[in-house]
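Here is the structure we will look at.
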Amino acid sequence: MPISVSIPTLLRPLTQDQKRIEVEGATVRELIERMDNQYPGIKQRLLDGGEMHRFVNVYVNDDDIRFVDNLGTVLKDGDNVTILPAVAGG
Amino acid sequence: MAMTDQALLRYSRQIMLESIEIDGQERLLAGHVLVIGAGGLGSPAALYLAAAGVGRLTLADADVVELSNLQRQIAHGMTDLGRNKAESAREAALALNPDCRVEVLGEHLSGEALTAAVAAADLVLDCTDRFSSRYAINRACLAAGTPLISGAAIRFSGQLALFDPRDPESPCYACLYPPGEHGESDEALRCAENGVVAPLVGLIGSFQALEAVKWLSGAGTPHRGLSTFDGLSGDWRRFRVPRDPGCPHCAGR
């Protein structure tokens with residue numbers, strides 16, 4: 001059950017510059033674990049003490065997982081996951 | 001106050017738009033926008049707002065123009081090096097449109113000065129480059145009930161969101177990016193450490209100005225959610241941003 005994950009420019013050095021990767025996972029937490037197997041180091045950039053880093057939002061399709069079930073948010077075939085770091089530059 | 005022939009000519013390309021017309025242009029002329037940050041985003045935003053006929057602008061920035069700013073902060077030029085950015089941007093805005101009333105706040109806006117400046121404006125553009133400022137501006141906008149158009153840009157990525165404290169459905173900046181228990185610090189991404197490609201700030205700052213013109217004139221519908229732009233692929237996307245019932249800034253509003 002591959003899920004398409006959009007990688008922000010900031011993390012693309014970890015994914016060999018791919019902006020989109022395909023990963024399997026039944027929940028967002030599992031997805032991040034499997035991403036880290038394929039692209040080591042990515043989990044450390046996303047999680048902080050087992051929870052999402054507070055300056056990174058994750059969307060499943062158009063919805064922020066904080067308002068669904070956080071890392072427990074269930075994924076289904078064909079979902080699009082977007083990793084979106086907060087940006088402050090002006 | 002009726003517009004002069006000169007003003008009718010100056011704004012004719014906007015007045016001919018059926019969603020703006022004379023009434024919308026007059027609303028722009030009566031509008032007062034506070035632009036906080038006169039850097040990469042604030043430069044195009046302030047210039048477009050002045051050019052479009054917003055009657056009154058307040059530009060706030062405590063920094064001075066440096067050579068490394070000129071790659072993208074297009075309100076400033078070589079002769080402005082060392083000058084206050086808000087002063088320099090004021091001069092550029094007035095050169096485009098001397099009928100615009102442009103005021104400068106040259107100190108770092110915080111506390112009561114921030115609250116007063118936000119309360120005096122119809123609309124606030126957050127063009128700052130740090131999270132601590134963004135959270136402070138969000139709080140001030142919530143307290144004053146002033147709508148906030150937030151723009152941000154780093155590397156090749158841009159974001160825009162509009163928050164309206166008077167709309168019970170509207171989230172606030174802290175609903176989108178909740179401040180952590182470590183406080184409202186600056187640990188994340190800034191241009192100074194991460195780089196930014198020049199035209200990206202033009203796109204996002206102009207997008208902020210567009211939303212401001214729409215808001216003030218009444219054209220179209222105000223922006224909803226979070227828009228993101230990836231300059232490397234050219235992709236725009238939009239995400240839903242609900243209110244956070246546990247938001248430390250706006251819960252119980």
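Residues in the structure tokens are named by chain (A, B, ... in the order shown) and by number from 1 within that chain; ligands are numbered from 1 in the order shown.
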
Within 10 Å of chain B, which residues of chain A come that close, and what is the closest atom pair and distance in Å for each? Count only C-alpha atoms and give it as JSON lines.
{"residue": "A:Pro8", "atom": "CA", "partner": "B:Ser157", "partner_atom": "CA", "distance": 8.2}
{"residue": "A:Thr9", "atom": "CA", "partner": "B:Phe156", "partner_atom": "CA", "distance": 7.2}
{"residue": "A:Leu10", "atom": "CA", "partner": "B:Arg155", "partner_atom": "CA", "distance": 8.0}
{"residue": "A:Lys19", "atom": "CA", "partner": "B:Ser233", "partner_atom": "CA", "distance": 8.6}
{"residue": "A:His53", "atom": "CA", "partner": "B:Gly180", "partner_atom": "CA", "distance": 9.3}
{"residue": "A:Arg54", "atom": "CA", "partner": "B:Gly180", "partner_atom": "CA", "distance": 6.4}
{"residue": "A:Phe55", "atom": "CA", "partner": "B:Tyr177", "partner_atom": "CA", "distance": 6.6}
{"residue": "A:Val56", "atom": "CA", "partner": "B:Tyr177", "partner_atom": "CA", "distance": 8.2}
{"residue": "A:Asn57", "atom": "CA", "partner": "B:Tyr177", "partner_atom": "CA", "distance": 7.8}
{"residue": "A:Tyr59", "atom": "CA", "partner": "B:Phe239", "partner_atom": "CA", "distance": 7.8}
{"residue": "A:Val60", "atom": "CA", "partner": "B:Phe239", "partner_atom": "CA", "distance": 9.7}
{"residue": "A:Asn61", "atom": "CA", "partner": "B:Phe239", "partner_atom": "CA", "distance": 8.2}
{"residue": "A:Asp62", "atom": "CA", "partner": "B:Phe239", "partner_atom": "CA", "distance": 4.8}
{"residue": "A:Asp63", "atom": "CA", "partner": "B:Arg240", "partner_atom": "CA", "distance": 5.9}
{"residue": "A:Asp64", "atom": "CA", "partner": "B:Val241", "partner_atom": "CA", "distance": 7.3}
{"residue": "A:Arg66", "atom": "CA", "partner": "B:Asp244", "partner_atom": "CA", "distance": 8.9}
{"residue": "A:Phe67", "atom": "CA", "partner": "B:Asp244", "partner_atom": "CA", "distance": 7.8}
{"residue": "A:Thr82", "atom": "CA", "partner": "B:Phe239", "partner_atom": "CA", "distance": 9.8}
{"residue": "A:Leu84", "atom": "CA", "partner": "B:Thr228", "partner_atom": "CA", "distance": 8.9}
{"residue": "A:Pro85", "atom": "CA", "partner": "B:Leu189", "partner_atom": "CA", "distance": 8.8}
{"residue": "A:Ala86", "atom": "CA", "partner": "B:Tyr177", "partner_atom": "CA", "distance": 6.9}
{"residue": "A:Val87", "atom": "CA", "partner": "B:Ala152", "partner_atom": "CA", "distance": 5.7}
{"residue": "A:Ala88", "atom": "CA", "partner": "B:Asp129", "partner_atom": "CA", "distance": 5.1}
{"residue": "A:Gly89", "atom": "CA", "partner": "B:Asp129", "partner_atom": "CA", "distance": 4.2}
{"residue": "A:Gly90", "atom": "CA", "partner": "B:Asp129", "partner_atom": "CA", "distance": 4.4}

Just N, CA and C atoms for this one: save the residues we selected as a tab-separated table (two decimals), in the first residue's frame.
chain	number	residue	atom	x	y	z
A	8	PRO	N	9.86	18.36	1.60
A	8	PRO	CA	10.19	19.78	1.45
A	8	PRO	C	11.63	19.96	0.97
A	9	THR	N	11.89	21.08	0.33
A	9	THR	CA	13.23	21.31	-0.23
A	9	THR	C	14.31	21.13	0.82
A	10	LEU	N	13.99	21.53	2.04
A	10	LEU	CA	14.97	21.47	3.13
A	10	LEU	C	15.44	20.04	3.42
A	19	LYS	N	11.65	14.96	-4.78
A	19	LYS	CA	10.64	15.78	-4.11
A	19	LYS	C	9.45	14.94	-3.68
A	53	HIS	N	8.06	17.15	15.54
A	53	HIS	CA	8.74	18.40	15.86
A	53	HIS	C	7.75	19.54	15.68
A	54	ARG	N	7.79	20.51	16.59
A	54	ARG	CA	6.72	21.51	16.57
A	54	ARG	C	6.79	22.48	15.38
A	55	PHE	N	7.92	22.52	14.71
A	55	PHE	CA	7.99	23.39	13.54
A	55	PHE	C	7.80	22.62	12.23
A	56	VAL	N	7.27	21.40	12.35
A	56	VAL	CA	6.96	20.62	11.15
A	56	VAL	C	5.50	20.19	11.21
A	57	ASN	N	4.75	20.54	10.18
A	57	ASN	CA	3.38	20.05	10.06
A	57	ASN	C	3.35	18.91	9.04
A	59	TYR	N	0.61	16.84	6.61
A	59	TYR	CA	-0.75	16.82	6.07
A	59	TYR	C	-0.99	15.49	5.38
A	60	VAL	N	-2.15	14.89	5.65
A	60	VAL	CA	-2.60	13.75	4.86
A	60	VAL	C	-3.68	14.31	3.94
A	61	ASN	N	-3.38	14.25	2.66
A	61	ASN	CA	-4.17	15.00	1.68
A	61	ASN	C	-4.16	16.48	2.10
A	62	ASP	N	-5.30	17.09	2.44
A	62	ASP	CA	-5.27	18.52	2.80
A	62	ASP	C	-5.36	18.75	4.30
A	63	ASP	N	-5.34	17.66	5.08
A	63	ASP	CA	-5.62	17.81	6.51
A	63	ASP	C	-4.39	17.62	7.39
A	64	ASP	N	-4.21	18.55	8.32
A	64	ASP	CA	-3.12	18.52	9.28
A	64	ASP	C	-3.37	17.36	10.26
A	66	ARG	N	-2.46	16.89	13.16
A	66	ARG	CA	-2.74	17.30	14.55
A	66	ARG	C	-4.23	17.31	14.83
A	67	PHE	N	-5.03	17.53	13.76
A	67	PHE	CA	-6.47	17.61	13.95
A	67	PHE	C	-7.15	16.31	13.54
A	82	THR	N	2.12	15.20	2.97
A	82	THR	CA	3.02	16.34	2.74
A	82	THR	C	3.69	16.71	4.04
A	84	LEU	N	5.67	19.60	5.87
A	84	LEU	CA	5.76	21.03	5.64
A	84	LEU	C	6.40	21.72	6.85
A	85	PRO	N	7.65	22.15	6.72
A	85	PRO	CA	8.26	22.86	7.83
A	85	PRO	C	7.74	24.29	7.90
A	86	ALA	N	7.61	24.80	9.11
A	86	ALA	CA	7.27	26.21	9.28
A	86	ALA	C	8.40	27.05	8.71
A	87	VAL	N	8.03	28.18	8.13
A	87	VAL	CA	9.00	29.06	7.49
A	87	VAL	C	8.85	30.43	8.14
A	88	ALA	N	9.95	31.04	8.52
A	88	ALA	CA	9.83	32.37	9.13
A	88	ALA	C	10.52	33.44	8.30
A	89	GLY	N	11.26	33.08	7.29
A	89	GLY	CA	12.07	34.05	6.56
A	89	GLY	C	11.23	35.13	5.91
A	90	GLY	N	11.76	36.35	5.92
A	90	GLY	CA	11.01	37.44	5.33
A	90	GLY	C	11.93	38.41	4.65

Skipping near chain neighbours, those fewer than 2 positions away, what residues fall within 8 Å of A:Arg20 using only C-alpha atoms, listed as a PyMOL selection string?
chain A and resi 4-7+18+22

Could you please take those selected residues and save N, CA and C atoms as a PDB file, in the first residue's frame?
ATOM      1  N   SER A   4       2.242   8.263  -1.256  1.00  0.00           N
ATOM      2  CA  SER A   4       3.122   9.250  -1.868  1.00  0.00           C
ATOM      3  C   SER A   4       3.427  10.357  -0.857  1.00  0.00           C
ATOM      4  N   VAL A   5       4.709  10.603  -0.628  1.00  0.00           N
ATOM      5  CA  VAL A   5       5.107  11.589   0.377  1.00  0.00           C
ATOM      6  C   VAL A   5       5.857  12.743  -0.295  1.00  0.00           C
ATOM      7  N   SER A   6       5.357  13.974  -0.112  1.00  0.00           N
ATOM      8  CA  SER A   6       6.045  15.171  -0.615  1.00  0.00           C
ATOM      9  C   SER A   6       7.108  15.606   0.377  1.00  0.00           C
ATOM     10  N   ILE A   7       8.320  15.740  -0.135  1.00  0.00           N
ATOM     11  CA  ILE A   7       9.462  16.095   0.715  1.00  0.00           C
ATOM     12  C   ILE A   7       9.772  17.580   0.523  1.00  0.00           C
ATOM     13  N   GLN A  18      14.965  13.836  -4.298  1.00  0.00           N
ATOM     14  CA  GLN A  18      13.617  13.516  -4.785  1.00  0.00           C
ATOM     15  C   GLN A  18      12.593  14.360  -4.037  1.00  0.00           C
ATOM     16  N   GLU A  22       7.800   7.219  -2.536  1.00  0.00           N
ATOM     17  CA  GLU A  22       6.719   6.270  -2.275  1.00  0.00           C
ATOM     18  C   GLU A  22       7.141   5.399  -1.107  1.00  0.00           C
TER      19      GLU A  22
END

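Going from atom CA of B:Arg72 to atom CA of B:Pro44 covers 9.6 Å.
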
Where does DSSP see strand (DSSP E) in chain A, if you list the residues as a list in words?
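Of chain A, the ones in strand (DSSP E) are Pro2, Ile3, Ser4, Val5, Ser6, Arg20, Ile21, Glu22, Val23, Glu24, Leu47, Asp48, Glu51, Met52, Val56, Asn57, Val58, Tyr59, Val60, Asp63, Asp64, Asn80, Val81, Thr82, Ile83, Leu84 and Pro85 of chain A.
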
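Using only C-alpha atoms, the shortest contact distance between B:Ile36 and any of B:Ala136, B:Met78, B:Leu17, B:Leu8 is found at B:Ala136.
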